[in-house]
>>> print(open('start_30.pdb').read())   # PDB, C-alpha atoms and all ligand atoms
ATOM      1  CA  MET A   1     -51.579  20.007  43.844
ATOM      2  CA  PRO A   2     -55.260  20.002  44.801
ATOM      3  CA  GLU A   3     -56.659  16.492  44.401
ATOM      4  CA  LEU A   4     -60.291  15.384  44.305
ATOM      5  CA  PRO A   5     -60.798  15.617  48.107
ATOM      6  CA  GLU A   6     -59.487  19.194  48.189
ATOM      7  CA  VAL A   7     -61.686  20.137  45.219
ATOM      8  CA  GLU A   8     -64.741  18.568  46.865
ATOM      9  CA  THR A   9     -63.856  20.326  50.129
ATOM     10  CA  THR A  10     -63.637  23.582  48.177
ATOM     11  CA  ARG A  11     -67.049  22.905  46.612
ATOM     12  CA  ARG A  12     -68.622  22.327  50.011
ATOM     13  CA  GLY A  13     -66.926  25.425  51.365
ATOM     14  CA  ILE A  14     -68.013  27.858  48.659
ATOM     15  CA  ALA A  15     -71.397  26.442  47.539
ATOM     16  CA  PRO A  16     -73.443  27.878  50.449
ATOM     17  CA  TYR A  17     -72.213  31.379  49.535
ATOM     18  CA  LEU A  18     -72.907  30.986  45.804
ATOM     19  CA  VAL A  19     -76.095  28.959  45.353
ATOM     20  CA  GLY A  20     -79.170  31.183  45.055
ATOM     21  CA  HIS A  21     -77.011  34.280  44.665
ATOM     22  CA  ARG A  22     -76.613  36.451  41.609
ATOM     23  CA  VAL A  23     -73.189  37.324  40.143
ATOM     24  CA  VAL A  24     -73.289  41.120  40.029
ATOM     25  CA  ALA A  25     -69.916  41.644  38.317
ATOM     26  CA  VAL A  26     -66.868  39.689  37.143
ATOM     27  CA  THR A  27     -63.462  41.341  37.594
ATOM     28  CA  ILE A  28     -60.635  39.737  35.638
ATOM     29  CA  ARG A  29     -57.115  40.945  36.474
ATOM     30  CA  GLN A  30     -55.264  38.196  34.593
ATOM     31  CA  PRO A  31     -57.149  36.621  31.641
ATOM     32  CA  ARG A  32     -54.239  34.348  30.704
ATOM     33  CA  LEU A  33     -54.566  31.351  32.941
ATOM     34  CA  ARG A  34     -53.877  27.839  31.609
ATOM     35  CA  TRP A  35     -56.334  28.810  28.878
ATOM     36  CA  PRO A  36     -57.582  32.349  28.225
ATOM     37  CA  ILE A  37     -60.800  33.193  30.065
ATOM     38  CA  PRO A  38     -63.418  33.089  27.263
ATOM     39  CA  ALA A  39     -65.217  36.250  26.164
ATOM     40  CA  ALA A  40     -68.541  34.392  26.448
ATOM     41  CA  LEU A  41     -68.056  34.098  30.202
ATOM     42  CA  ARG A  42     -67.338  37.816  30.627
ATOM     43  CA  ARG A  43     -70.449  38.580  28.594
ATOM     44  CA  LEU A  44     -72.870  35.992  29.962
ATOM     45  CA  LEU A  45     -72.043  35.382  33.632
ATOM     46  CA  PRO A  46     -72.728  38.869  35.074
ATOM     47  CA  GLY A  47     -76.381  39.143  36.109
ATOM     48  CA  GLN A  48     -76.884  35.371  36.335
ATOM     49  CA  LYS A  49     -78.127  33.541  39.411
ATOM     50  CA  ILE A  50     -76.077  30.486  40.436
ATOM     51  CA  GLU A  51     -78.451  27.535  40.616
ATOM     52  CA  ASN A  52     -76.063  24.811  41.719
ATOM     53  CA  VAL A  53     -72.348  24.133  42.247
ATOM     54  CA  GLU A  54     -71.318  20.659  41.136
ATOM     55  CA  ARG A  55     -67.988  18.818  40.979
ATOM     56  CA  ARG A  56     -66.991  16.655  38.009
ATOM     57  CA  ALA A  57     -63.529  15.099  38.363
ATOM     58  CA  LYS A  58     -61.398  18.051  39.519
ATOM     59  CA  TYR A  59     -63.613  20.676  37.864
ATOM     60  CA  LEU A  60     -66.191  22.750  39.694
ATOM     61  CA  LEU A  61     -69.225  23.785  37.665
ATOM     62  CA  ALA A  62     -71.305  26.795  38.691
ATOM     63  CA  HIS A  63     -74.559  26.324  36.803
ATOM     64  CA  THR A  64     -76.692  29.298  35.714
ATOM     65  CA  GLY A  65     -79.560  29.735  33.251
ATOM     66  CA  ALA A  66     -77.151  31.133  30.642
ATOM     67  CA  GLY A  67     -74.549  28.362  30.919
ATOM     68  CA  SER A  68     -72.010  27.049  33.392
ATOM     69  CA  ALA A  69     -68.694  28.407  34.589
ATOM     70  CA  LEU A  70     -66.007  25.683  34.821
ATOM     71  CA  LEU A  71     -63.347  26.261  37.453
ATOM     72  CA  HIS A  72     -60.141  24.245  37.779
ATOM     73  CA  LEU A  73     -57.594  24.860  40.533
ATOM     74  CA  GLY A  74     -54.601  23.649  38.473
ATOM     75  CA  MET A  75     -51.397  23.140  40.470
ATOM     76  CA  SER A  76     -51.696  25.887  43.040
ATOM     77  CA  GLY A  77     -55.111  27.540  42.748
ATOM     78  CA  SER A  78     -57.581  28.252  45.533
ATOM     79  CA  LEU A  79     -61.036  29.796  45.785
ATOM     80  CA  ARG A  80     -62.167  31.815  48.763
ATOM     81  CA  ILE A  81     -65.232  33.748  49.830
ATOM     82  CA  LEU A  82     -64.242  37.191  51.084
ATOM     83  CA  GLU A  83     -65.830  40.464  52.083
ATOM     84  CA  ARG A  84     -65.721  42.815  49.114
ATOM     85  CA  ASP A  85     -63.309  45.316  50.646
ATOM     86  CA  VAL A  86     -60.378  42.850  50.862
ATOM     87  CA  ALA A  87     -57.675  44.270  48.561
ATOM     88  CA  PRO A  88     -56.413  41.851  45.863
ATOM     89  CA  GLY A  89     -52.850  40.523  45.898
ATOM     90  CA  ALA A  90     -50.513  39.822  42.970
ATOM     91  CA  HIS A  91     -51.875  36.305  42.366
ATOM     92  CA  ASP A  92     -55.593  37.106  42.745
ATOM     93  CA  HIS A  93     -56.619  36.684  39.099
ATOM     94  CA  PHE A  94     -60.395  37.100  39.185
ATOM     95  CA  ASP A  95     -63.310  37.959  41.474
ATOM     96  CA  TRP A  96     -67.021  37.337  41.131
ATOM     97  CA  ARG A  97     -68.942  39.957  43.064
ATOM     98  CA  LEU A  98     -72.152  38.510  44.488
ATOM     99  CA  ASP A  99     -75.447  40.180  45.387
ATOM    100  CA  SER A 100     -74.713  39.311  49.039
ATOM    101  CA  GLY A 101     -71.859  41.821  49.015
ATOM    102  CA  ARG A 102     -69.258  39.062  49.245
ATOM    103  CA  ILE A 103     -66.824  38.051  46.515
ATOM    104  CA  LEU A 104     -65.532  34.721  45.234
ATOM    105  CA  ARG A 105     -61.797  35.202  44.652
ATOM    106  CA  PHE A 106     -59.437  32.947  42.682
ATOM    107  CA  THR A 107     -55.764  32.955  43.695
ATOM    108  CA  ASP A 108     -53.166  30.999  41.715
ATOM    109  CA  PRO A 109     -49.401  31.767  41.829
ATOM    110  CA  ARG A 110     -48.546  29.307  39.028
ATOM    111  CA  ARG A 111     -51.532  30.102  36.772
ATOM    112  CA  PHE A 112     -52.258  26.493  35.739
ATOM    113  CA  GLY A 113     -55.832  26.921  36.898
ATOM    114  CA  SER A 114     -58.673  27.806  34.563
ATOM    115  CA  LEU A 115     -62.028  29.542  34.232
ATOM    116  CA  LEU A 116     -64.014  28.337  31.214
ATOM    117  CA  TRP A 117     -67.584  28.437  29.937
ATOM    118  CA  GLN A 118     -69.978  25.646  29.004
ATOM    119  CA  LYS A 119     -73.139  26.327  27.003
ATOM    120  CA  PRO A 120     -76.480  25.198  28.471
ATOM    121  CA  GLY A 121     -77.148  21.536  27.777
ATOM    122  CA  ALA A 122     -73.649  20.999  26.332
ATOM    123  CA  THR A 123     -70.667  19.097  27.733
ATOM    124  CA  HIS A 124     -67.358  20.949  27.591
ATOM    125  CA  PRO A 125     -64.743  19.018  25.541
ATOM    126  CA  LEU A 126     -62.527  18.754  28.651
ATOM    127  CA  LEU A 127     -65.288  16.787  30.389
ATOM    128  CA  ALA A 128     -66.405  14.665  27.435
ATOM    129  CA  GLN A 129     -63.909  11.791  27.751
ATOM    130  CA  LEU A 130     -64.004  11.361  31.505
ATOM    131  CA  GLY A 131     -64.738   8.038  33.202
ATOM    132  CA  PRO A 132     -67.167   7.626  36.109
ATOM    133  CA  GLU A 133     -66.790   9.338  39.459
ATOM    134  CA  PRO A 134     -65.248   7.071  42.132
ATOM    135  CA  PHE A 135     -68.367   7.497  44.286
ATOM    136  CA  ASP A 136     -70.696   6.372  41.476
ATOM    137  CA  GLU A 137     -72.324   2.995  42.020
ATOM    138  CA  ALA A 138     -71.096   2.042  38.547
ATOM    139  CA  PHE A 139     -67.498   2.211  39.813
ATOM    140  CA  ASP A 140     -66.953  -1.205  41.392
ATOM    141  CA  GLY A 141     -64.924  -4.411  41.063
ATOM    142  CA  VAL A 142     -66.876  -5.658  38.061
ATOM    143  CA  TYR A 143     -66.277  -2.374  36.248
ATOM    144  CA  LEU A 144     -62.509  -2.368  36.935
ATOM    145  CA  TRP A 145     -62.168  -6.049  36.088
ATOM    146  CA  THR A 146     -64.063  -5.644  32.796
ATOM    147  CA  LYS A 147     -62.128  -2.527  31.750
ATOM    148  CA  SER A 148     -58.735  -4.065  32.582
ATOM    149  CA  ARG A 149     -58.928  -7.336  30.621
ATOM    150  CA  GLY A 150     -56.062  -7.594  28.141
ATOM    151  CA  ARG A 151     -54.224  -4.594  29.571
ATOM    152  CA  SER A 152     -50.542  -5.008  30.362
ATOM    153  CA  ALA A 153     -50.067  -1.489  31.788
ATOM    154  CA  PRO A 154     -49.323  -1.310  35.538
ATOM    155  CA  VAL A 155     -52.464  -1.318  37.669
ATOM    156  CA  LYS A 156     -51.449   2.034  39.174
ATOM    157  CA  THR A 157     -51.328   3.668  35.730
ATOM    158  CA  PHE A 158     -54.708   2.075  34.920
ATOM    159  CA  LEU A 159     -56.252   3.391  38.147
ATOM    160  CA  MET A 160     -54.962   6.920  37.474
ATOM    161  CA  ASP A 161     -56.320   6.997  33.885
ATOM    162  CA  GLN A 162     -59.102   9.617  33.896
ATOM    163  CA  ARG A 163     -60.929   7.698  31.150
ATOM    164  CA  ILE A 164     -61.225   4.722  33.550
ATOM    165  CA  VAL A 165     -62.150   6.620  36.717
ATOM    166  CA  VAL A 166     -61.679  10.285  37.569
ATOM    167  CA  GLY A 167     -59.966  11.866  40.522
ATOM    168  CA  VAL A 168     -57.693   9.067  41.770
ATOM    169  CA  GLY A 169     -54.492  11.099  41.981
ATOM    170  CA  ASN A 170     -50.985   9.873  42.732
ATOM    171  CA  ILE A 171     -51.280   9.913  46.526
ATOM    172  CA  TYR A 172     -54.656   8.227  46.647
ATOM    173  CA  ALA A 173     -53.728   5.583  44.035
ATOM    174  CA  ALA A 174     -50.679   4.565  46.093
ATOM    175  CA  GLU A 175     -52.684   4.427  49.319
ATOM    176  CA  ALA A 176     -55.613   2.490  47.810
ATOM    177  CA  LEU A 177     -53.279  -0.096  46.232
ATOM    178  CA  PHE A 178     -51.578  -0.588  49.601
ATOM    179  CA  ALA A 179     -54.924  -0.957  51.359
ATOM    180  CA  ALA A 180     -55.956  -3.577  48.773
ATOM    181  CA  ASP A 181     -52.553  -5.400  48.985
ATOM    182  CA  ILE A 182     -51.976  -4.956  45.239
ATOM    183  CA  HIS A 183     -48.454  -4.300  43.888
ATOM    184  CA  PRO A 184     -48.588  -1.038  41.888
ATOM    185  CA  ARG A 185     -46.559  -2.507  39.000
ATOM    186  CA  ARG A 186     -48.743  -5.595  38.538
ATOM    187  CA  ALA A 187     -50.297  -5.737  35.046
ATOM    188  CA  ALA A 188     -53.857  -4.367  35.240
ATOM    189  CA  GLY A 189     -55.123  -7.341  33.232
ATOM    190  CA  SER A 190     -53.727  -9.843  35.755
ATOM    191  CA  VAL A 191     -55.607  -8.551  38.809
ATOM    192  CA  ALA A 192     -58.421 -10.909  39.821
ATOM    193  CA  HIS A 193     -62.025  -9.843  40.161
ATOM    194  CA  ASP A 194     -62.210 -10.081  43.971
ATOM    195  CA  ARG A 195     -59.066  -7.971  44.328
ATOM    196  CA  TYR A 196     -60.591  -5.275  42.095
ATOM    197  CA  ALA A 197     -63.724  -5.338  44.255
ATOM    198  CA  ARG A 198     -61.521  -4.615  47.263
ATOM    199  CA  LEU A 199     -59.572  -1.928  45.376
ATOM    200  CA  ALA A 200     -62.755  -0.091  44.324
ATOM    201  CA  ALA A 201     -63.999  -0.193  47.924
ATOM    202  CA  GLU A 202     -60.666   1.140  49.225
ATOM    203  CA  VAL A 203     -60.638   3.991  46.675
ATOM    204  CA  LYS A 204     -64.099   5.066  47.870
ATOM    205  CA  ARG A 205     -63.161   4.720  51.539
ATOM    206  CA  ILE A 206     -59.865   6.638  51.270
ATOM    207  CA  LEU A 207     -61.285   9.496  49.196
ATOM    208  CA  ALA A 208     -64.343   9.795  51.452
ATOM    209  CA  TYR A 209     -62.105   9.912  54.514
ATOM    210  CA  ALA A 210     -59.865  12.571  52.959
ATOM    211  CA  ILE A 211     -62.941  14.685  52.195
ATOM    212  CA  THR A 212     -64.069  14.339  55.804
ATOM    213  CA  ARG A 213     -60.666  15.546  56.973
ATOM    214  CA  GLY A 214     -60.714  18.459  54.549
ATOM    215  CA  GLY A 215     -64.129  19.293  55.896
ATOM    216  CA  THR A 216     -62.648  20.168  59.257
ATOM    217  CA  THR A 217     -61.080  23.299  57.763
ATOM    218  CA  LEU A 218     -64.178  24.677  56.003
ATOM    219  CA  ARG A 219     -64.177  27.802  58.143
ATOM    220  CA  ASP A 220     -60.919  28.754  56.407
ATOM    221  CA  PHE A 221     -62.856  29.563  53.241
ATOM    222  CA  LEU A 222     -63.869  32.766  54.981
ATOM    223  CA  SER A 223     -60.302  33.732  55.884
ATOM    224  CA  PRO A 224     -57.614  35.201  53.613
ATOM    225  CA  ASP A 225     -55.177  32.308  53.962
ATOM    226  CA  GLY A 226     -57.492  29.317  53.960
ATOM    227  CA  ALA A 227     -56.322  25.998  52.534
ATOM    228  CA  PRO A 228     -58.048  22.628  52.687
ATOM    229  CA  GLY A 229     -56.571  20.075  55.075
ATOM    230  CA  TYR A 230     -54.391  17.156  54.106
ATOM    231  CA  PHE A 231     -53.840  14.006  56.087
ATOM    232  CA  GLU A 232     -50.104  13.437  55.757
ATOM    233  CA  GLN A 233     -49.699  11.858  59.187
ATOM    234  CA  GLU A 234     -52.187   9.211  58.184
ATOM    235  CA  LEU A 235     -50.528   8.052  54.958
ATOM    236  CA  PHE A 236     -49.411   4.407  54.920
ATOM    237  CA  VAL A 237     -46.984   4.464  51.978
ATOM    238  CA  TYR A 238     -46.977   7.787  50.090
ATOM    239  CA  GLY A 239     -43.791   9.771  50.811
ATOM    240  CA  ARG A 240     -42.529   7.121  53.259
ATOM    241  CA  ALA A 241     -39.630   5.514  51.307
ATOM    242  CA  GLY A 242     -37.259   3.714  53.708
ATOM    243  CA  GLU A 243     -39.635   4.021  56.652
ATOM    244  CA  PRO A 244     -41.134   0.840  58.137
ATOM    245  CA  CYS A 245     -44.468  -0.421  56.805
ATOM    246  CA  LYS A 246     -47.119   0.312  59.427
ATOM    247  CA  VAL A 247     -48.489  -3.220  58.969
ATOM    248  CA  CYS A 248     -45.400  -5.501  58.698
ATOM    249  CA  GLY A 249     -42.340  -3.321  59.420
ATOM    250  CA  THR A 250     -40.658  -3.895  56.035
ATOM    251  CA  PRO A 251     -39.082  -0.680  54.647
ATOM    252  CA  ILE A 252     -41.390   1.068  52.150
ATOM    253  CA  ARG A 253     -39.947   1.222  48.630
ATOM    254  CA  SER A 254     -40.143   4.010  46.063
ATOM    255  CA  ILE A 255     -40.244   3.364  42.305
ATOM    256  CA  VAL A 256     -41.236   5.388  39.255
ATOM    257  CA  ILE A 257     -44.259   4.223  37.262
ATOM    258  CA  GLY A 258     -45.521   6.312  34.343
ATOM    259  CA  GLN A 259     -43.137   9.143  35.337
ATOM    260  CA  ARG A 260     -44.761   9.382  38.787
ATOM    261  CA  SER A 261     -43.113   8.392  42.060
ATOM    262  CA  THR A 262     -44.931   5.614  43.744
ATOM    263  CA  PHE A 263     -44.545   3.939  47.099
ATOM    264  CA  TYR A 264     -45.361   0.407  48.180
ATOM    265  CA  CYS A 265     -44.599  -2.315  50.683
ATOM    266  CA  PRO A 266     -42.730  -5.188  48.962
ATOM    267  CA  ARG A 267     -44.117  -7.654  51.494
ATOM    268  CA  CYS A 268     -47.777  -6.628  51.847
ATOM    269  CA  GLN A 269     -48.413  -5.883  48.166
ATOM    270  CA  ARG A 270     -48.394  -8.606  45.504
TER
HETATM  271 ZN    ZN A 301     -46.001  -4.237  54.768
END
>>> encode(input="start_30.pdb", output="structure tokens")
Amino acid sequence: MPELPEVETTRRGIAPYLVGHRVVAVTIRQPRLRWPIPAALRRLLPGQKIENVERRAKYLLAHTGAGSALLHLGMSGSLRILERDVAPGAHDHFDWRLDSGRILRFTDPRRFGSLLWQKPGATHPLLAQLGPEPFDEAFDGVYLWTKSRGRSAPVKTFLMDQRIVVGVGNIYAAEALFAADIHPRRAAGSVAHDRYARLAAEVKRILAYAITRGGTTLRDFLSPDGAPGYFEQELFVYGRAGEPCKVCGTPIRSIVIGQRSTFYCPRCQR
């Protein structure tokens, strides 16, 4: 599933081909994605110039004078910039034809992705309840400590709550908690202030690093089979159950928290 770093990598890959360009036509082959593609988008997007491409949580927003297109990659979606004569495949659900002659193509075998429309000056309901971005200055130890007081939920569940902070997916939550030496099942309300300061810093560091790694594959956005890079070899705990901790050698354990598999070192994390 594309996580925040892959979405940000996608944004950086496609933005140079979209910003300042006009959408000449929108071709929709499959309108039934996770939600139906709204009629307003079909009516309003063609003819508009894309002013900016922004990321909010795992949504990409292409802003125009008439409103903004919201794109979500879902479980298996990808966006690519292609020359206009590349024939569509079975899972290529929509294209935006640009005045440059190129197209933006959305491919999604499982169809959990979405293409929605936001009116100018409005906030789409899907974005209204979201917490701060992890790279915001407001996201720090004081913020996490304040938000967590009185909460008995596991700290991992707290960290993955999109109302607390957006974009910290399962892999990155496990890795950040390991880097901060915090046991994923510890009650969020029992984590001390200085440990939250370290956790916030580790979340920023790990996500920023993953984006840098994804950035090495940007050229793939101009090829038919491009996919952002992952950094599996560099994971400390995620997916490593039974393997030795890279810090202390203790076997990594796997448990289920909030219906998600999580991985931790029983010695390093308290
Ligand atoms: Zn360890």
>>> residues_near_ligand(input="start_30.pdb", ligand="ligand ZN 301 (chain A)", cutoff="12 Å", atoms="all atoms listed in the file", output="JSON, numbers by chain")
{"A": [177, 178, 179, 180, 181, 182, 183, 236, 237, 240, 242, 243, 244, 245, 246, 247, 248, 249, 250, 251, 252, 253, 263, 264, 265, 266, 267, 268, 269, 270]}
>>> resolve_selection(input="start_30.pdb", expression="the PyMOL selection byres (((chain A and resi 43) around 12) and not hetatm)", output="list of chain:residue names")
A:Val23, A:Ala25, A:Val26, A:Thr27, A:Ile37, A:Pro38, A:Ala39, A:Ala40, A:Leu41, A:Arg42, A:Leu44, A:Leu45, A:Pro46, A:Gly47, A:Gln48, A:Ala66, A:Gly67, A:Ala69, A:Trp117
>>> resolve_selection(input="start_30.pdb", expression="the PyMOL selection byres (((chain A and resi 158) around 10) and not hetatm)", output="list of chain:residue names")
A:Leu144, A:Lys147, A:Ser148, A:Arg151, A:Ser152, A:Ala153, A:Pro154, A:Val155, A:Lys156, A:Thr157, A:Leu159, A:Met160, A:Asp161, A:Gln162, A:Arg163, A:Ile164, A:Val165, A:Ala173, A:Pro184, A:Ala187, A:Ala188, A:Gly189
>>> closest_residue(input="start_30.pdb", among="A:Lys49, A:Arg34, A:Arg213, A:Arg260", to="Leu98 in chain A", atoms="only C-alpha atoms")
A:Lys49
>>> closest_residue(input="start_30.pdb", among="A:Gly101, A:His193, A:Pro132, A:Leu127", to="Arg149 in chain A", atoms="all atoms listed in the file")
A:His193
>>> closest_residue(input="start_30.pdb", among="A:Arg198, A:His63, A:Lys58, A:Arg29", to="Val168 in chain A", atoms="all atoms listed in the file")
A:Lys58
>>> closest_residue(input="start_30.pdb", among="A:Lys204, A:Arg111, A:His124, A:Arg185", to="Pro36 in chain A", atoms="all atoms listed in the file")
A:Arg111
>>> atom_distance(input="start_30.pdb", atom1="CA of Phe135 in chain A", atom2="CA of Ile81 in chain A")
27.0 Å
>>> resolve_selection(input="start_30.pdb", expression="the PyMOL selection byres (((chain A and resi 133) around 8) and not hetatm)", output="ChimeraX atom specification")
/A:56-57,131-132,134-136,139,165-167
>>> closest_residue(input="start_30.pdb", among="A:Ala128, A:Ile211, A:Leu104, A:Leu199", to="Tyr143 in chain A", atoms="only C-alpha atoms")
A:Leu199
>>> closest_residue(input="start_30.pdb", among="A:Asp99, A:Asp92, A:Glu6, A:Asp108", to="Arg55 in chain A", atoms="only C-alpha atoms")
A:Glu6
